[in-house]
Every structure is written in structure tokens, then in C-alpha cells.
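Student: To start, I am sharing the structure in question, which I have written as C-alpha cells.
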Amino acid sequence: MAAGQAVAMGYRNVYWYKEGLAGWKKGHNLLESLNFKYAHRKIPEPIAPRALAEKLRSDPRYLLVDIRDNKSRQKDGLIDGPTEVLPLYQFHTDFAQLPDDKVLVMVDIRAKQAPAAIRYLLEKKYYFTHLTYLKGGISAWISEGLPVKAF
Amino acid sequence: MKNSGHWLPAILISLALLVCSNLSCLAAGDIQIITTPELKKWLAAGQKPFLVYTLSQVEFYEERIPGSVCIPTEQMKTSRELPTNMDTPTVFYCAGPG
């Protein structure tokens, strides 16, 4: 946790606003955005775990983009398939390494962060039809009993 | 009985040291929880805290509490954006529950 790291680094006046953005929005408080229109744009439908497993077997155009952090990958493993590992905190600097001729499937923990990654790529002119994300994230994949490999 | 007399001061000193070290730890770097009304009041005041969003830039672009800076947890130790004054009130937040 970042606040804990700050304390370990020697900061002496550290607060944690644990309600976070969700709590801030709940109270109808003002938010700031670089581009509200972009933040609310329509994104492609997610793909269900079993449908994705089938696509990975039959369609070479499908490429997984694993946007989780290493901690999550070590805990839950990786989906066995062609994968580009690109943690979300590095996404804005390294997204250009992603091919634009593949169907990119964002994989996160519970499908809460993948939509932001997709909106970012749409803004960067990646094709709407070449982007999707795993419905329910890796948690849903595991719940369905689908195989993972160690990271 | 003689032995217990020798041990008693040592035990008391150890206990005192333990309590003191815990107190100094609390004073040096306890994490305090802040609520929405408290944060709102603080941000409206003249002297604002240093407000840090700990998720990614990609999410930060979309929405954030006004006046925040983005320092992902993974980059905390290498960030140059953190205040140089270690006593600066600093508030960390992320997406929150849900």
C-alpha cells in the first residue's frame, strides 16, 4: 500500500482516504478529468472466459494483454496463450508496443481496470473492432475452471 | 526469591523500552484514516494537503479528485513528485471499495 510505503520512507504525516474515488463520487463531489467525453465513451463488449478460451485455440489474431501487476500474476498465474505483459501503471508510456493488426484482449483482475485501458487505446486510434476485454477478469477465468500457467 | 529480585528490574526496563519504541513509532509514522467530509473540508481550506492518486496515469486521465498528482504504488520509491518536506500532510487514495 502506498501510504505504508510513504511511512517506511520516513513521511510523518500520512493519511489514507480509503473511501477513494468511489466515496468521493458518492458524495457528489467535484471531479477533475483530462477529457470527460473520452472518459465516458462507448467501449466494445467484453468476451466471456469460455468464448475467449475457444478463440485462443482457433483464431491466431487474438492476443492477450495482461495489465495486472506482478503481485497478481504471481498469485493467480497467467492465461495460457499469446500474451503481452503490460502493467497498467506503464501503459501510457509503453502502449505503442501493442500491435494494431491483432484483436487485443485486456486481462485484469475483475474487469474493473480494463475499460480504462481500452478507452486509452481508442483515444490513440486503435480500432474499436480490434479491442475487447475478459469479462470478469482473471477471477472469472479461474472460477470457470479454465487453465492458468505459473508466472 | 533471590533470583526473581534480580529479574524484576530487567523485565520492567524491557517493558518500558517496548512501550517507548511503540510510542515513537506511532508518533513518527502512523497512517491516519481520513473521511470524505474531512477531506472535503481540508481541500476547501487555504493550506491543502498533498493529494496522491495511487493507480495508473491511464485511470488518472479519466477522473481524479481536483488537485491530485498521480504516483502509482509501484513507482512510489522512485518518484520525484513526493514532497521533500517529510512533515507535509500527504493523503493517498485509489479507486476505493466496490
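Residues in the C-alpha cells are named by chain (A, B, ... in the order shown) and by number from 1 within that chain; ligands are numbered from 1 in the order shown.
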Distance limit 7 Å, atoms considered: only C-alpha atoms. Which chain B residues sit that close to chain A? Return them as a PDB file with C-alpha atoms, in the first residue's frame.

Tutor:
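Everything below was put into result17.pdb:
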ATOM      1  CA  ALA B  28       6.888   9.002  13.599  1.00  0.00           C
ATOM      2  CA  GLY B  29       4.662   7.390  11.065  1.00  0.00           C
ATOM      3  CA  ILE B  31      -1.256   6.154   8.985  1.00  0.00           C
ATOM      4  CA  GLN B  32      -4.365   8.150   9.763  1.00  0.00           C
ATOM      5  CA  ILE B  33      -7.677   7.450   8.096  1.00  0.00           C
ATOM      6  CA  ILE B  34      -9.497  10.442   6.634  1.00  0.00           C
ATOM      7  CA  THR B  35     -13.202  10.527   5.719  1.00  0.00           C
ATOM      8  CA  THR B  36     -14.942  12.250   2.791  1.00  0.00           C
ATOM      9  CA  THR B  54      -2.016   5.733  -6.462  1.00  0.00           C
ATOM     10  CA  LEU B  55      -3.411   3.959  -9.531  1.00  0.00           C
ATOM     11  CA  SER B  56      -2.232   4.412 -13.138  1.00  0.00           C
ATOM     12  CA  GLN B  57      -1.926   7.512 -15.322  1.00  0.00           C
ATOM     13  CA  VAL B  58      -4.447   5.907 -17.671  1.00  0.00           C
ATOM     14  CA  GLU B  59      -7.091   5.979 -14.930  1.00  0.00           C
ATOM     15  CA  TYR B  61      -6.597  10.908 -17.072  1.00  0.00           C
ATOM     16  CA  GLU B  62     -10.211   9.838 -16.776  1.00  0.00           C
ATOM     17  CA  GLU B  63     -11.134  11.121 -13.339  1.00  0.00           C
ATOM     18  CA  ARG B  64      -9.498  12.260 -10.157  1.00  0.00           C
ATOM     19  CA  ILE B  65     -10.084  14.447  -7.149  1.00  0.00           C
ATOM     20  CA  PRO B  66      -9.136  18.015  -8.146  1.00  0.00           C
ATOM     21  CA  PRO B  72       1.358   4.697  -8.886  1.00  0.00           C
ATOM     22  CA  THR B  73       2.166   2.498  -5.879  1.00  0.00           C
ATOM     23  CA  MET B  76       6.490   5.403  -5.090  1.00  0.00           C
ATOM     24  CA  MET B  86       8.724  14.769   5.309  1.00  0.00           C
ATOM     25  CA  ASP B  87       6.195  16.536   7.562  1.00  0.00           C
ATOM     26  CA  THR B  88       3.940  17.609   4.674  1.00  0.00           C
ATOM     27  CA  PRO B  89       0.412  16.303   5.246  1.00  0.00           C
ATOM     28  CA  THR B  90       0.020  13.735   2.454  1.00  0.00           C
ATOM     29  CA  VAL B  91      -3.234  11.979   1.569  1.00  0.00           C
ATOM     30  CA  PHE B  92      -3.218   8.783  -0.517  1.00  0.00           C
ATOM     31  CA  TYR B  93      -6.260   7.404  -2.312  1.00  0.00           C
ATOM     32  CA  CYS B  94      -7.212   4.957  -5.055  1.00  0.00           C
ATOM     33  CA  ALA B  95     -10.492   3.687  -6.507  1.00  0.00           C
ATOM     34  CA  GLY B  96     -11.993   2.796  -3.138  1.00  0.00           C
ATOM     35  CA  PRO B  97     -14.283  -0.109  -2.343  1.00  0.00           C
TER      36      PRO B  97
END

Student: Give the helix (DSSP H, G or I) residues of range 4-124 of chain A, as assigned by DSSP on the backbone, as an MDAnalysis selection string.

Tutor: chainID A and resid 4:8 20:26 36:39 49:58 70:76 88:97 114:123

Student: Mind writing the picked residues with N, CA and C atoms as a short mmCIF file (atom, residue, chain, number, x, y, z; two decimals), in the first residue's frame?

Tutor:
data_model
loop_
_atom_site.label_atom_id
_atom_site.label_comp_id
_atom_site.auth_asym_id
_atom_site.auth_seq_id
_atom_site.Cartn_x
_atom_site.Cartn_y
_atom_site.Cartn_z
N GLY A 4 1.57 3.07 3.35
CA GLY A 4 2.54 2.31 4.15
C GLY A 4 3.96 2.53 3.65
N GLN A 5 4.10 2.59 2.33
CA GLN A 5 5.43 2.84 1.74
C GLN A 5 5.93 4.22 2.13
N ALA A 6 5.00 5.19 2.14
CA ALA A 6 5.38 6.56 2.50
C ALA A 6 5.90 6.60 3.94
N VAL A 7 5.22 5.89 4.81
CA VAL A 7 5.66 5.83 6.21
C VAL A 7 7.05 5.20 6.29
N ALA A 8 7.23 4.11 5.54
CA ALA A 8 8.54 3.43 5.54
C ALA A 8 9.64 4.35 4.99
N GLY A 20 -11.80 6.49 -1.19
CA GLY A 20 -11.30 6.68 -2.55
C GLY A 20 -12.26 7.37 -3.50
N LEU A 21 -12.01 7.17 -4.80
CA LEU A 21 -12.85 7.83 -5.81
C LEU A 21 -14.32 7.45 -5.66
N ALA A 22 -14.56 6.19 -5.29
CA ALA A 22 -15.95 5.74 -5.13
C ALA A 22 -16.66 6.56 -4.06
N GLY A 23 -16.00 6.78 -2.94
CA GLY A 23 -16.59 7.57 -1.85
C GLY A 23 -16.75 9.02 -2.22
N TRP A 24 -15.77 9.53 -2.97
CA TRP A 24 -15.81 10.93 -3.39
C TRP A 24 -16.99 11.18 -4.33
N LYS A 25 -17.19 10.21 -5.26
CA LYS A 25 -18.29 10.35 -6.23
C LYS A 25 -19.65 10.18 -5.54
N LYS A 26 -19.69 9.28 -4.57
CA LYS A 26 -20.93 9.01 -3.84
C LYS A 26 -21.46 10.29 -3.18
N PHE A 36 -13.61 14.58 -20.19
CA PHE A 36 -14.78 13.85 -19.71
C PHE A 36 -15.45 13.04 -20.84
N LYS A 37 -15.41 13.61 -22.04
CA LYS A 37 -16.05 12.93 -23.17
C LYS A 37 -15.36 11.58 -23.41
N TYR A 38 -14.06 11.61 -23.36
CA TYR A 38 -13.27 10.39 -23.56
C TYR A 38 -13.49 9.41 -22.41
N ALA A 39 -13.62 9.94 -21.20
CA ALA A 39 -13.80 9.08 -20.03
C ALA A 39 -15.12 8.32 -20.06
N PRO A 49 -15.17 -15.82 -20.51
CA PRO A 49 -13.99 -16.69 -20.41
C PRO A 49 -14.00 -17.88 -21.38
N ARG A 50 -15.10 -18.60 -21.46
CA ARG A 50 -15.11 -19.80 -22.33
C ARG A 50 -15.03 -19.43 -23.81
N ALA A 51 -15.67 -18.32 -24.16
CA ALA A 51 -15.59 -17.85 -25.56
C ALA A 51 -14.15 -17.46 -25.89
N LEU A 52 -13.48 -16.85 -24.93
CA LEU A 52 -12.08 -16.47 -25.14
C LEU A 52 -11.19 -17.71 -25.28
N ALA A 53 -11.43 -18.70 -24.42
CA ALA A 53 -10.64 -19.94 -24.49
C ALA A 53 -10.76 -20.55 -25.89
N GLU A 54 -11.95 -20.52 -26.45
CA GLU A 54 -12.18 -21.06 -27.79
C GLU A 54 -11.44 -20.22 -28.85
N LYS A 55 -11.53 -18.91 -28.71
CA LYS A 55 -10.84 -18.01 -29.66
C LYS A 55 -9.33 -18.23 -29.62
N LEU A 56 -8.79 -18.43 -28.41
CA LEU A 56 -7.34 -18.62 -28.29
C LEU A 56 -6.90 -19.91 -28.98
N ARG A 57 -7.81 -20.88 -29.03
CA ARG A 57 -7.49 -22.15 -29.71
C ARG A 57 -7.61 -22.04 -31.22
N SER A 58 -8.58 -21.19 -31.67
CA SER A 58 -8.93 -21.25 -33.09
C SER A 58 -8.54 -20.03 -33.92
N ASN A 70 2.65 -7.46 -11.02
CA ASN A 70 3.34 -8.74 -10.81
C ASN A 70 2.77 -9.54 -9.65
N LYS A 71 2.33 -8.82 -8.61
CA LYS A 71 1.80 -9.48 -7.41
C LYS A 71 0.59 -10.36 -7.80
N SER A 72 -0.27 -9.81 -8.61
CA SER A 72 -1.46 -10.54 -9.04
C SER A 72 -1.10 -11.70 -9.96
N ARG A 73 -0.13 -11.45 -10.84
CA ARG A 73 0.29 -12.53 -11.76
C ARG A 73 0.91 -13.69 -11.00
N GLN A 74 1.70 -13.34 -9.97
CA GLN A 74 2.31 -14.42 -9.17
C GLN A 74 1.25 -15.18 -8.39
N LYS A 75 0.24 -14.48 -7.92
CA LYS A 75 -0.80 -15.13 -7.10
C LYS A 75 -1.71 -16.01 -7.97
N ASP A 76 -2.18 -15.48 -9.09
CA ASP A 76 -3.19 -16.19 -9.88
C ASP A 76 -2.67 -16.86 -11.13
N LEU A 88 -0.69 -1.82 -16.03
CA LEU A 88 -1.43 -0.60 -16.31
C LEU A 88 -0.66 0.66 -15.92
N TYR A 89 0.18 0.58 -14.89
CA TYR A 89 0.91 1.79 -14.49
C TYR A 89 1.99 2.18 -15.51
N GLN A 90 2.32 1.24 -16.45
CA GLN A 90 3.29 1.57 -17.50
C GLN A 90 2.60 1.77 -18.86
N PHE A 91 1.30 1.62 -18.86
CA PHE A 91 0.53 1.60 -20.11
C PHE A 91 0.73 2.87 -20.94
N HIS A 92 0.69 4.03 -20.30
CA HIS A 92 0.74 5.30 -21.04
C HIS A 92 2.10 5.52 -21.70
N THR A 93 3.15 4.86 -21.21
CA THR A 93 4.46 5.05 -21.84
C THR A 93 4.77 3.94 -22.86
N ASP A 94 4.17 2.75 -22.66
CA ASP A 94 4.58 1.60 -23.47
C ASP A 94 3.50 1.03 -24.39
N PHE A 95 2.33 1.69 -24.45
CA PHE A 95 1.22 1.12 -25.23
C PHE A 95 1.57 0.93 -26.70
N ALA A 96 2.48 1.75 -27.24
CA ALA A 96 2.78 1.71 -28.67
C ALA A 96 3.41 0.38 -29.10
N GLN A 97 3.88 -0.41 -28.13
CA GLN A 97 4.44 -1.72 -28.49
C GLN A 97 3.32 -2.71 -28.85
N ALA A 114 -9.73 -2.77 -17.00
CA ALA A 114 -9.58 -2.97 -18.44
C ALA A 114 -10.33 -1.91 -19.27
N PRO A 115 -11.54 -1.50 -18.90
CA PRO A 115 -12.23 -0.48 -19.71
C PRO A 115 -11.41 0.81 -19.86
N ALA A 116 -10.70 1.21 -18.82
CA ALA A 116 -9.87 2.42 -18.92
C ALA A 116 -8.75 2.22 -19.93
N ALA A 117 -8.16 1.02 -19.93
CA ALA A 117 -7.09 0.72 -20.89
C ALA A 117 -7.64 0.77 -22.32
N ILE A 118 -8.85 0.25 -22.50
CA ILE A 118 -9.45 0.25 -23.84
C ILE A 118 -9.77 1.67 -24.29
N ARG A 119 -10.34 2.48 -23.40
CA ARG A 119 -10.64 3.87 -23.78
C ARG A 119 -9.35 4.60 -24.15
N TYR A 120 -8.28 4.30 -23.46
CA TYR A 120 -6.99 4.93 -23.75
C TYR A 120 -6.54 4.56 -25.16
N LEU A 121 -6.66 3.26 -25.50
CA LEU A 121 -6.23 2.82 -26.83
C LEU A 121 -7.14 3.38 -27.93
N LEU A 122 -8.41 3.51 -27.64
CA LEU A 122 -9.33 4.10 -28.62
C LEU A 122 -8.93 5.55 -28.90
N GLU A 123 -8.54 6.24 -27.86
CA GLU A 123 -8.09 7.62 -27.99
C GLU A 123 -6.82 7.70 -28.84
#

Student: Could you pull the residues within 9 Å of Asp100 in chain A, counting only C-alpha atoms, minus those fewer than 6 positions along the same chain, as a list in words?

Tutor: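 Counting only the stated atoms, we get Tyr126, Tyr127 and His130 of chain A.
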
Student: Would you list the contacts of Asp80 in chain A as number ranges by chain, taking every protein, DNA or RNA residue within 9 Å and counting only C-alpha atoms, but skipping same-chain residues closer than 6 positions in sequence?

Tutor: A: 56, 147-149

Student: Restrict the selected residues to N, CA and C atoms and save them as a PDB file, in the first residue's frame.

Tutor:
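Listed below is the output, selection-v5.pdb:
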ATOM      1  N   LEU A  56      -8.790 -18.427 -28.415  1.00  0.00           N
ATOM      2  CA  LEU A  56      -7.339 -18.622 -28.294  1.00  0.00           C
ATOM      3  C   LEU A  56      -6.896 -19.906 -28.978  1.00  0.00           C
ATOM      4  N   PRO A 147      -7.677 -23.220 -17.464  1.00  0.00           N
ATOM      5  CA  PRO A 147      -6.283 -23.395 -17.017  1.00  0.00           C
ATOM      6  C   PRO A 147      -5.455 -22.110 -16.994  1.00  0.00           C
ATOM      7  N   VAL A 148      -4.558 -22.042 -16.017  1.00  0.00           N
ATOM      8  CA  VAL A 148      -3.572 -20.962 -15.959  1.00  0.00           C
ATOM      9  C   VAL A 148      -2.187 -21.594 -15.832  1.00  0.00           C
ATOM     10  N   LYS A 149      -1.182 -20.825 -16.188  1.00  0.00           N
ATOM     11  CA  LYS A 149       0.192 -21.314 -16.009  1.00  0.00           C
ATOM     12  C   LYS A 149       0.907 -20.379 -15.037  1.00  0.00           C
TER      13      LYS A 149
END

Student: Do you have the CA of Asp108 in chain A-CA of Pro44 in chain A distance handy?

Tutor: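 Taking CA of Asp108 in chain A as the start and CA of Pro44 in chain A as the end point, the length is 15.8 Å.
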
Student: Between CA of Lys77 in chain B and CA of Lys48 in chain B, what is the distance, to one decimal in Å?

Tutor: 23.1 Å

Student: Select, from B:Ile71, B:Thr78, B:Asp30, B:Pro83, the residue with the minimum atom-to-atom distance to Pro49 in chain B, counting only C-alpha atoms.

Tutor: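 Closest to Pro49 in chain B, using only C-alpha atoms: B:Pro83.
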
Student: Take CA of Leu51 in chain B and CA of Gly67 in chain B and report the distance between them in Å, one decimal.

Tutor: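 Going from CA of Leu51 in chain B over to CA of Gly67 in chain B covers 6.9 Å.
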